[in-house]
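Coordinates as given in target.txt (compact mmCIF, C-alpha atoms):
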```txt
# COMPACT_ATOMS: atom_id res chain seq x y z
CA MET A 18 29.52 -8.25 -27.13
CA PHE A 19 29.31 -5.82 -24.21
CA ASP A 20 32.65 -6.97 -22.77
CA THR A 21 34.63 -5.68 -25.74
CA ILE A 22 33.31 -2.10 -25.77
CA LYS A 23 35.84 0.62 -25.03
CA LEU A 24 34.47 2.79 -22.23
CA GLU A 25 35.57 6.42 -22.24
CA LYS A 26 34.16 9.67 -20.88
CA GLY A 27 33.42 10.90 -24.42
CA LEU A 28 30.30 8.70 -24.30
CA TYR A 29 28.80 11.33 -21.98
CA SER A 30 29.19 14.17 -24.45
CA ILE A 31 27.53 12.82 -27.60
CA THR A 32 24.96 15.42 -28.70
CA GLY A 33 21.38 14.26 -28.34
CA LYS A 34 22.24 11.03 -26.52
CA SER A 35 22.49 10.05 -22.90
CA PHE A 36 25.35 7.85 -21.73
CA THR A 37 23.12 4.76 -21.82
CA GLN A 38 21.81 5.63 -25.28
CA ALA A 39 25.39 6.00 -26.50
CA LEU A 40 26.19 2.58 -25.05
CA GLU A 41 23.03 1.13 -26.56
CA SER A 42 24.09 2.26 -30.04
CA LEU A 43 27.31 0.26 -29.58
CA ASP A 44 25.67 -2.65 -27.80
CA PRO A 45 21.99 -2.99 -28.82
CA ASP A 46 19.56 -4.66 -26.42
CA SER A 47 18.22 -6.70 -29.32
CA ASN A 48 21.44 -8.74 -29.34
CA TYR A 49 20.50 -10.30 -26.02
CA ILE A 50 16.97 -11.55 -26.64
CA GLY A 51 16.76 -15.11 -25.35
CA THR A 52 20.00 -14.85 -23.36
CA GLU A 53 20.69 -14.44 -19.64
CA TYR A 54 21.21 -10.71 -20.25
CA GLU A 55 17.74 -10.09 -21.68
CA GLY A 56 16.01 -7.40 -19.63
CA LEU A 57 19.23 -5.56 -18.78
CA ASP A 58 20.05 -2.29 -20.49
CA ALA A 59 23.48 -1.40 -21.86
CA PHE A 60 24.60 0.23 -18.60
CA GLU A 61 23.50 -2.72 -16.49
CA ARG A 62 25.41 -5.08 -18.75
CA GLN A 63 28.56 -3.05 -18.11
CA LEU A 64 28.03 -3.44 -14.36
CA LYS A 65 27.92 -7.19 -15.00
CA ARG A 66 31.07 -6.96 -17.08
CA PHE A 67 33.05 -5.42 -14.23
CA ASP A 68 31.22 -7.44 -11.57
CA ILE A 69 30.01 -4.31 -9.76
CA LYS A 70 27.11 -5.07 -7.41
CA ILE A 71 25.23 -1.90 -6.51
CA ALA A 72 22.54 -3.33 -4.23
CA GLY A 73 21.76 -6.16 -1.85
CA LYS A 74 23.67 -7.78 0.98
CA ASN A 75 26.68 -8.35 -1.29
CA SER A 76 26.82 -4.75 -2.50
CA ASP A 77 30.37 -3.73 -3.38
CA LYS A 78 32.25 -0.79 -1.97
CA VAL A 79 32.39 2.50 -3.87
CA GLU A 80 36.06 1.97 -4.72
CA LYS A 81 35.06 -1.00 -6.93
CA PHE A 82 34.12 1.52 -9.62
CA PHE A 83 37.70 2.80 -9.65
CA LEU A 84 39.63 -0.44 -10.09
CA SER A 85 40.19 0.49 -13.75
CA THR A 86 39.91 3.60 -15.91
CA GLU A 87 37.07 1.99 -17.87
CA SER A 88 34.96 0.94 -14.89
CA ALA A 89 35.38 4.46 -13.44
CA VAL A 90 33.46 5.77 -16.47
CA LEU A 91 30.36 4.00 -15.10
CA PHE A 92 30.30 5.92 -11.80
CA PRO A 93 28.67 9.16 -13.05
CA GLU A 94 25.83 7.21 -14.66
CA TYR A 95 25.28 5.28 -11.43
CA VAL A 96 25.13 8.58 -9.54
CA ARG A 97 22.73 10.14 -12.06
CA ARG A 98 20.40 7.14 -12.11
CA THR A 99 20.27 6.88 -8.35
CA ILE A 100 19.54 10.58 -7.87
CA LYS A 101 16.83 10.36 -10.52
CA GLU A 102 15.35 7.33 -8.76
CA GLY A 103 15.08 9.39 -5.58
CA MET A 104 13.50 12.23 -7.55
CA ASP A 105 10.93 9.94 -9.14
CA GLU A 106 9.96 8.42 -5.80
CA ALA A 107 9.30 11.87 -4.28
CA SER A 108 7.78 13.51 -7.35
CA ILE A 109 4.07 14.28 -7.70
CA LEU A 110 4.39 15.20 -11.39
CA GLY A 111 3.06 11.83 -12.48
CA TYR A 112 -0.16 12.55 -10.57
CA ILE A 113 -0.75 16.06 -11.88
CA SER A 114 0.74 16.35 -15.40
CA ALA A 115 -1.51 16.01 -18.43
CA SER A 116 1.51 16.13 -20.74
CA VAL A 117 5.29 15.91 -20.34
CA SER A 118 7.74 17.02 -23.01
CA TYR A 119 11.39 17.99 -23.46
CA VAL A 120 12.80 21.06 -25.20
CA ASP A 121 16.31 22.34 -25.77
CA SER A 122 15.61 25.83 -24.46
CA ILE A 123 15.50 28.05 -21.38
CA ASP A 124 11.80 28.81 -21.86
CA PHE A 125 8.77 27.67 -23.84
CA ASN A 126 5.59 29.09 -25.32
CA SER A 127 2.56 27.35 -23.89
CA MET A 128 -0.75 27.11 -25.73
CA VAL A 129 -3.61 29.49 -25.00
CA ILE A 130 -6.97 27.80 -25.58
CA SER A 131 -10.19 29.78 -25.87
CA GLU A 132 -13.17 27.46 -25.49
CA ASN A 133 -16.54 28.23 -27.07
CA THR A 134 -19.27 27.30 -24.61
CA ASP A 135 -22.13 27.77 -27.10
CA PRO A 136 -24.28 24.62 -27.35
CA SER A 137 -23.57 22.21 -30.17
CA THR A 138 -26.32 21.82 -32.74
CA ALA A 139 -27.15 19.32 -35.43
CA ASP A 140 -29.45 21.65 -37.37
CA GLN A 141 -28.75 21.77 -41.09
CA LEU A 142 -26.55 24.68 -42.19
CA ALA A 143 -26.08 25.73 -38.54
CA ALA A 144 -22.63 26.94 -37.53
CA ILE A 145 -20.71 24.50 -35.37
CA PRO A 146 -19.00 26.15 -32.39
CA TYR A 147 -15.22 25.92 -32.39
CA HIS A 148 -12.33 26.54 -30.03
CA THR A 149 -9.26 28.60 -30.88
CA VAL A 150 -5.68 27.78 -30.01
CA ALA A 151 -2.70 30.14 -30.11
CA LEU A 152 0.76 30.34 -28.60
CA ASN A 153 1.13 32.45 -25.50
CA THR A 154 2.97 35.65 -26.38
CA THR A 155 4.75 35.55 -23.01
CA PRO A 156 7.14 32.57 -22.71
CA SER A 157 6.99 30.39 -19.62
CA ASP A 158 10.26 30.08 -17.75
CA ILE A 159 12.17 26.84 -17.36
CA GLN A 160 13.87 26.93 -13.99
CA LYS A 161 16.96 25.03 -12.90
CA TYR A 162 16.80 23.07 -9.65
CA GLY A 163 19.76 21.36 -8.07
CA ARG A 164 21.56 20.11 -5.01
CA GLY A 165 25.17 19.35 -4.18
CA LEU A 166 27.03 16.94 -1.93
CA LYS A 167 30.54 17.57 -0.63
CA PHE A 168 32.71 14.90 0.96
CA SER A 169 36.23 13.54 1.17
CA TYR A 170 36.89 10.57 -1.05
CA GLU A 171 38.30 8.76 1.98
CA SER A 172 34.91 9.09 3.71
CA ILE A 173 33.06 7.14 1.03
CA ARG A 174 35.59 4.91 -0.79
CA LYS A 175 35.09 2.08 1.73
CA GLN A 176 31.32 2.60 2.00
CA ARG A 177 28.95 0.14 0.39
CA ILE A 178 27.52 1.36 -2.89
CA ASP A 179 23.95 0.86 -1.69
CA THR A 180 24.69 3.02 1.39
CA LEU A 181 25.86 5.82 -0.89
CA GLY A 182 22.69 5.19 -2.87
CA VAL A 183 20.55 6.09 0.15
CA ILE A 184 22.26 9.49 0.32
CA LEU A 185 21.94 10.07 -3.42
CA LYS A 186 18.24 9.18 -3.40
CA ARG A 187 17.73 11.62 -0.55
CA LEU A 188 19.44 14.29 -2.63
CA GLY A 189 17.06 13.57 -5.49
CA ALA A 190 14.03 13.62 -3.19
CA MET A 191 14.96 17.09 -1.94
CA ILE A 192 15.17 18.38 -5.51
CA SER A 193 11.76 16.90 -6.34
CA LYS A 194 10.10 18.42 -3.29
CA GLU A 195 11.14 21.88 -4.47
CA ILE A 196 9.85 21.10 -7.97
CA ASN A 197 6.53 19.82 -6.57
CA VAL A 198 5.86 23.08 -4.75
CA ALA A 199 6.98 25.14 -7.76
CA ALA A 200 4.58 23.24 -10.03
CA ILE A 201 1.58 23.89 -7.80
CA SER A 202 2.58 27.51 -7.15
CA THR A 203 3.03 28.24 -10.87
CA VAL A 204 -0.32 26.90 -12.04
CA THR A 205 -2.36 28.36 -9.18
CA THR A 206 -0.97 31.89 -9.43
CA GLY A 207 -3.86 34.30 -10.00
CA LEU A 208 -6.60 31.88 -8.93
CA THR A 209 -9.08 33.02 -6.29
CA PRO A 210 -9.46 30.24 -3.72
CA ASP A 211 -12.76 28.99 -2.38
CA SER A 212 -13.05 29.76 1.32
CA ILE A 213 -13.73 27.19 4.03
CA SER A 214 -14.76 28.47 7.45
CA GLY A 215 -13.39 26.94 10.61
CA ASP A 216 -10.01 25.47 11.39
CA SER A 217 -10.27 22.30 9.26
CA ILE A 218 -12.07 20.90 6.25
CA THR A 219 -15.17 18.71 6.69
CA TYR A 220 -16.30 15.85 4.46
CA GLY A 221 -19.27 17.90 3.26
CA GLU A 222 -16.98 20.76 2.27
CA LEU A 223 -14.65 18.31 0.53
CA ALA A 224 -17.58 16.95 -1.48
CA ALA A 225 -18.74 20.48 -2.35
CA PHE A 226 -15.22 21.38 -3.49
CA PHE A 227 -15.16 18.26 -5.68
CA SER A 228 -18.45 19.20 -7.35
CA SER A 229 -17.44 22.86 -7.83
CA MET A 230 -15.46 22.09 -10.99
CA ALA A 231 -18.09 22.69 -13.68
CA ASP A 232 -16.54 21.87 -17.06
CA CYS A 233 -13.82 19.47 -15.91
CA ASN A 234 -13.69 16.47 -13.61
CA MET A 235 -11.61 16.83 -10.45
CA THR A 236 -9.36 13.76 -10.44
CA THR A 237 -6.65 14.82 -7.99
CA LEU A 238 -6.41 16.75 -4.73
CA VAL A 239 -2.96 18.02 -3.76
CA CYS A 240 -2.55 19.02 -0.12
CA SER A 241 -0.06 19.33 2.71
CA PRO A 242 0.60 16.36 5.05
CA ALA A 243 -1.55 18.04 7.73
CA VAL A 244 -4.57 18.49 5.43
CA LEU A 245 -4.11 14.96 4.08
CA ALA A 246 -4.15 13.59 7.63
CA THR A 247 -7.37 15.49 8.37
CA ILE A 248 -9.08 14.08 5.29
CA VAL A 249 -7.90 10.50 5.78
CA SER A 250 -9.07 10.54 9.42
CA MET A 251 -12.65 11.42 8.43
CA THR A 252 -15.19 8.70 9.27
CA GLU A 253 -16.37 8.69 5.68
CA MET A 254 -12.84 7.77 4.55
CA LYS A 255 -12.67 4.51 6.53
CA ASN A 256 -12.58 2.40 3.36
CA SER A 257 -9.77 4.39 1.76
CA GLN A 258 -7.26 1.97 3.26
CA TYR A 259 -8.33 -0.62 0.72
CA ASP A 260 -7.54 1.75 -2.14
CA TYR A 261 -4.10 2.32 -0.63
CA LEU A 262 -3.41 -1.38 -0.13
CA SER A 263 -4.41 -2.22 -3.70
CA SER A 264 -2.81 0.69 -5.55
CA GLY A 265 -0.62 2.66 -3.13
CA VAL A 266 -2.88 5.69 -3.64
CA VAL A 267 -5.48 7.06 -1.22
CA LYS A 268 -8.81 7.96 -2.83
CA THR A 269 -11.97 9.61 -1.58
CA PRO A 270 -15.25 7.68 -1.94
CA PHE A 271 -15.98 9.81 -5.02
CA GLY A 272 -12.70 8.91 -6.67
CA ILE A 273 -10.32 11.83 -6.08
CA GLU A 274 -6.69 10.76 -5.66
CA LEU A 275 -5.13 12.41 -2.61
CA VAL A 276 -1.54 13.53 -3.19
CA LYS A 277 0.72 14.75 -0.38
CA CYS A 278 2.91 17.75 -1.18
CA ASN A 279 5.46 18.72 1.46
CA GLY A 280 5.94 22.48 1.46
CA LEU A 281 2.37 23.33 0.49
CA SER A 282 0.60 25.61 2.97
CA ASP A 283 -1.37 23.81 5.69
CA ASP A 284 -4.44 25.91 4.95
CA THR A 285 -4.56 25.20 1.21
CA ALA A 286 -5.69 22.33 -1.02
CA VAL A 287 -5.52 22.25 -4.82
CA GLY A 288 -7.96 20.25 -6.92
CA LEU A 289 -7.25 19.57 -10.57
CA ASP A 290 -8.25 17.52 -13.57
CA LYS A 291 -5.10 15.56 -14.38
CA THR A 292 -6.24 14.95 -17.96
CA CYS A 293 -6.09 18.60 -18.99
CA ALA A 294 -4.64 20.79 -16.23
CA ILE A 295 -0.84 21.00 -16.35
CA GLU A 296 1.82 20.92 -19.03
CA THR A 297 5.26 19.94 -17.73
CA VAL A 298 8.24 20.83 -19.91
CA PHE A 299 11.79 19.71 -19.14
CA GLY A 300 14.70 21.71 -20.46
CA THR A 301 17.10 18.98 -19.36
CA ASP A 302 17.02 15.57 -17.78
CA VAL A 303 19.02 15.05 -14.57
CA ILE A 304 22.60 16.24 -15.17
CA VAL A 305 25.71 15.44 -13.12
CA ASP A 306 29.28 16.59 -13.66
CA TYR A 307 30.64 13.41 -15.20
CA ASP A 308 34.18 14.74 -15.65
CA LYS A 309 34.81 15.19 -11.92
CA LEU A 310 33.07 11.97 -10.93
CA ILE A 311 35.32 9.85 -13.12
CA SER A 312 38.28 10.91 -10.97
CA ASN A 313 38.99 8.51 -8.11
CA GLN A 314 39.65 11.55 -5.93
CA CYS A 315 36.27 13.21 -6.51
CA THR A 316 35.10 15.28 -3.54
CA GLU A 317 31.72 16.63 -4.64
CA ILE A 318 28.58 15.69 -6.51
CA TYR A 319 26.19 18.17 -8.10
CA ALA A 320 22.92 17.31 -9.79
CA THR A 321 20.59 19.66 -11.65
CA VAL A 322 17.41 19.44 -13.69
CA SER A 323 15.52 22.17 -15.58
CA VAL A 324 11.73 22.18 -15.76
CA GLY A 325 8.80 24.55 -16.25
CA PHE A 326 5.02 24.39 -15.99
CA SER A 327 1.93 25.98 -17.47
CA LYS A 328 -1.82 25.62 -17.11
CA ILE A 329 -3.51 24.15 -20.19
CA ILE A 330 -7.29 24.52 -19.73
CA ASP A 331 -8.98 27.28 -17.73
CA GLY A 332 -11.26 25.80 -15.11
CA SER A 333 -9.19 22.64 -14.73
CA ILE A 334 -7.61 23.81 -11.46
CA ARG A 335 -9.31 25.10 -8.32
CA THR A 336 -7.96 25.95 -4.90
CA THR A 337 -9.59 26.06 -1.50
CA GLU A 338 -8.37 27.89 1.58
CA ILE A 339 -9.22 27.28 5.21
CA ALA A 340 -10.11 30.59 6.85
CA ASP A 341 -9.33 30.38 10.57
```

Any chance you could give the structure as structure tokens?
Amino acid sequence: MFDTIKLEKGLYSITGKSFTQALESLDPDSNYIGTEYEGLDAFERQLKRFDIKIAGKNSDKVEKFFLSTESAVLFPEYVRRTIKEGMDEASILGYISASVSYVDSIDFNSMVISENTDPSTADQLAAIPYHTVALNTTPSDIQKYGRGLKFSYESIRKQRIDTLGVILKRLGAMISKEINVAAISTVTTGLTPDSISGDSITYGELAAFFSSMADCNMTTLVCSPAVLATIVSMTEMKNSQYDYLSSGVVKTPFGIELVKCNGLSDDTAVGLDKTCAIETVFGTDVIVDYDKLISNQCTEIYATVSVGFSKIIDGSIRTTEIAD
């Protein structure tokens, strides 16, 4: 059972396994089917074991993690999960990535696809057009992104865990916002933007931009908060509120999902086909310094993640620029 497992910091350093995966190998979820613990993962069962409440009105204080040497081992995973939760909430990668993968490397070779636009034919003995795929000879970089938090242990030991969680989520959100901008910047480098005259985009120009993607279908429009506000305030968008209320996503009448990207230029919008536009490659998941965090006198938290991007299909991404 989960209450007999010996917790030690070595569980963080098992090659190829996260802390929770290491716990899971010792305490499989399958053992709890049909019990009160079904639906909890191995880490959450350990929180139950040590009666550590991380959320809600009865949330414990941070020092609860450090009542024993074993419960202290759980603190780095709590920090990592909470930062990652903040990252996920602020990330646009789920709206723009056609594929997501992980590699153990500092770079990766993306695929280069040459599409044959000759018409298909069913004539007997006629050659069927084919596409060619090769690896890019120039590797794509995987960049590290991170943020740190410095504090005195005395300043947080009596704080509620869920209050610390707000700060950690904010840390994760700031990391994601940098990654969001980097993703869009990477895949639009070298593209010539369409030009829109005037100081703002009109509904007619938005529709024309949507239809400008010839061989792909524009599914997503990424824009700054200012451009998003302009689009949502259009008379033609009056029914978009129902899309938001039902799914949490704003859509145009012709089906484009509108995605806000803080940090993107206020005169630029990026349209893409989510099904084939962007490859996202992680070199690492979210990493925290577990060794320092296990100490009950820890004074700093650092979190990093490594990720890179590449464009998959030419023509799957277009940009438009408002020319004042």

*Looking at A:Thr301, A:Thr205, A:Ser30, A:Asn279, which one is nearest to A:Ser323, with distances taken over only C-alpha atoms?*
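Nearest to A:Ser323: A:Thr301.
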
_Gap from atom CA of A:Pro210 to atom CA of A:Arg335 - Å, one decimal_ = 6.9 Å

_What's around A:Glu94 at 12 Å? Count all atoms listed in the file, leave out sequence neighbours fewer than 5 positions away in its own chain, and write the answer as a PyMOL selection string._
chain A and resi 26+28-29+35-40+59-61+63-64+82+88-89+99-101+303-308+310-311+320

*So how many Å separate atom CA of A:Gly51 and atom CA of A:Ile22, to one decimal?*
21.1 Å

*Pick from A:Thr247, A:Ser282, A:Ile196, A:Leu181 nearest to A:Ile318, counting only C-alpha atoms*: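 Looking only at the distances to A:Ile318, the closest residue turns out to be A:Leu181.
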
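Nearest to A:Gly280 of all the residues A:Glu132, A:Glu195, A:Asp211, A:Asp179 is A:Glu195, based on all atoms listed in the file.
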
*asked:* When you count only C-alpha atoms, which of these residues is closest to A:Thr219: A:Leu57, A:Met191, A:Ile339, A:Ala143?
replied: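 Of A:Leu57, A:Met191, A:Ile339, A:Ala143, the one nearest A:Thr219 is A:Ile339, counting only C-alpha atoms.
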
*Can you work out which one of A:Ser47, A:Ser85, A:Thr321, A:Ser333 has the shortest atom-to-atom distance to A:Asn234, counting all atoms listed in the file?*
A:Ser333

*Kindly give the distance, in Å, that separates atom CA of A:Met128 and atom CA of A:Thr209, rounded to a single decimal.*
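Result for atom CA of A:Met128 versus atom CA of A:Thr209: 22.0 Å, one decimal.
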
_Spatial neighbours of A:Asp216, 12 Å, all atoms listed in the file, chain gap at least 2 places, as a PyMOL selection string_ = chain A and resi 212-214+218-219+243-244+247+283-285+338-341

Okay, now the selection with C-alpha atoms, as a tab-separated table (two decimals), in the frame of the given file?
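This is the output file part.tsv:
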```
chain	number	residue	atom	x	y	z
A	212	SER	CA	-13.05	29.76	1.32
A	213	ILE	CA	-13.73	27.19	4.03
A	214	SER	CA	-14.76	28.47	7.45
A	218	ILE	CA	-12.07	20.90	6.25
A	219	THR	CA	-15.17	18.71	6.69
A	243	ALA	CA	-1.55	18.04	7.73
A	244	VAL	CA	-4.57	18.49	5.43
A	247	THR	CA	-7.37	15.49	8.37
A	283	ASP	CA	-1.37	23.81	5.69
A	284	ASP	CA	-4.44	25.91	4.95
A	285	THR	CA	-4.56	25.20	1.21
A	338	GLU	CA	-8.37	27.89	1.58
A	339	ILE	CA	-9.22	27.28	5.21
A	340	ALA	CA	-10.11	30.59	6.85
A	341	ASP	CA	-9.33	30.38	10.57
```

*Near A:Ile184, counting all atoms listed in the file, which residues have an atom at most 12 Å away, once you skip same-chain residues fewer than 3 positions from it, shown as a ChimeraX atom specification?*
/A:96,99-100,102-103,164-168,173,176-181,187-191,318

*Out of A:Thr155, A:Ser42, A:Thr52, A:Thr336, which residue has the shortest atom-to-atom distance to A:Thr206 when counting only C-alpha atoms?*
A:Thr336

Take every atom of stretch 312-327 of chain A listed in the file, fit an axis-aligned box around them, add 8 Å per side, and give the centre and edge lengths in Å to one decimal as AutoDock Vina command-line options.
```
--center_x 20.8 --center_y 17.2 --center_z -10.5 --size_x 53.7 --size_y 33.5 --size_z 29.9
```

*Can you pull out every residue within 12 Å of A:Leu208, counting all atoms listed in the file, but drop anything in the same chain fewer than 4 positions away, and send it as a list in words?*
Ile201, Ser202, Thr203, Val204, Val287, Gly288, Lys328, Asp331, Gly332, Ser333, Ile334, Arg335, Thr336, Thr337 and Glu338 of chain A

If you keep N, CA and C atoms, can you output stretch 45-66 of chain A as a compact mmCIF listing (two decimals), in the first residue's frame?
```
# COMPACT_ATOMS: atom_id res chain seq x y z
N PRO A 45 1.29 0.96 -8.03
CA PRO A 45 0.50 1.09 -9.26
C PRO A 45 -0.93 1.55 -9.01
N ASP A 46 -1.43 2.40 -9.91
CA ASP A 46 -2.80 2.88 -9.81
C ASP A 46 -3.79 1.72 -9.87
N SER A 47 -3.44 0.68 -10.58
CA SER A 47 -4.36 -0.46 -10.75
C SER A 47 -4.72 -1.13 -9.43
N ASN A 48 -3.91 -0.92 -8.40
CA ASN A 48 -4.20 -1.53 -7.10
C ASN A 48 -5.39 -0.88 -6.40
N TYR A 49 -5.85 0.25 -6.93
CA TYR A 49 -6.87 1.02 -6.22
C TYR A 49 -8.19 1.11 -6.95
N ILE A 50 -8.34 0.31 -8.00
CA ILE A 50 -9.61 0.29 -8.73
C ILE A 50 -10.71 -0.24 -7.79
N GLY A 51 -11.78 0.53 -7.71
CA GLY A 51 -12.89 0.14 -6.84
C GLY A 51 -12.74 0.57 -5.39
N THR A 52 -11.67 1.31 -5.07
CA THR A 52 -11.46 1.79 -3.71
C THR A 52 -11.67 3.31 -3.66
N GLU A 53 -11.61 3.88 -2.46
CA GLU A 53 -11.78 5.32 -2.31
C GLU A 53 -10.64 6.12 -2.94
N TYR A 54 -9.54 5.44 -3.27
CA TYR A 54 -8.38 6.12 -3.84
C TYR A 54 -8.34 6.03 -5.36
N GLU A 55 -9.33 5.40 -5.96
CA GLU A 55 -9.39 5.34 -7.42
C GLU A 55 -9.52 6.76 -7.97
N GLY A 56 -8.76 7.06 -9.01
CA GLY A 56 -8.77 8.40 -9.59
C GLY A 56 -7.64 9.28 -9.10
N LEU A 57 -6.97 8.88 -8.03
CA LEU A 57 -5.79 9.60 -7.56
C LEU A 57 -4.55 8.97 -8.15
N ASP A 58 -3.54 9.78 -8.46
CA ASP A 58 -2.29 9.19 -8.92
C ASP A 58 -1.38 8.94 -7.71
N ALA A 59 -0.21 8.40 -7.96
CA ALA A 59 0.67 7.97 -6.87
C ALA A 59 1.09 9.14 -5.99
N PHE A 60 1.31 10.32 -6.60
CA PHE A 60 1.68 11.50 -5.82
C PHE A 60 0.53 11.95 -4.94
N GLU A 61 -0.67 11.98 -5.49
CA GLU A 61 -1.84 12.42 -4.73
C GLU A 61 -2.14 11.48 -3.57
N ARG A 62 -1.85 10.21 -3.75
CA ARG A 62 -2.04 9.27 -2.64
C ARG A 62 -1.05 9.56 -1.50
N GLN A 63 0.15 10.01 -1.85
CA GLN A 63 1.12 10.37 -0.81
C GLN A 63 0.68 11.62 -0.04
N LEU A 64 0.05 12.57 -0.73
CA LEU A 64 -0.51 13.72 -0.03
C LEU A 64 -1.56 13.26 0.98
N LYS A 65 -2.38 12.28 0.58
CA LYS A 65 -3.36 11.71 1.50
C LYS A 65 -2.67 11.05 2.69
N ARG A 66 -1.62 10.34 2.40
CA ARG A 66 -0.89 9.62 3.44
C ARG A 66 -0.43 10.56 4.55
```
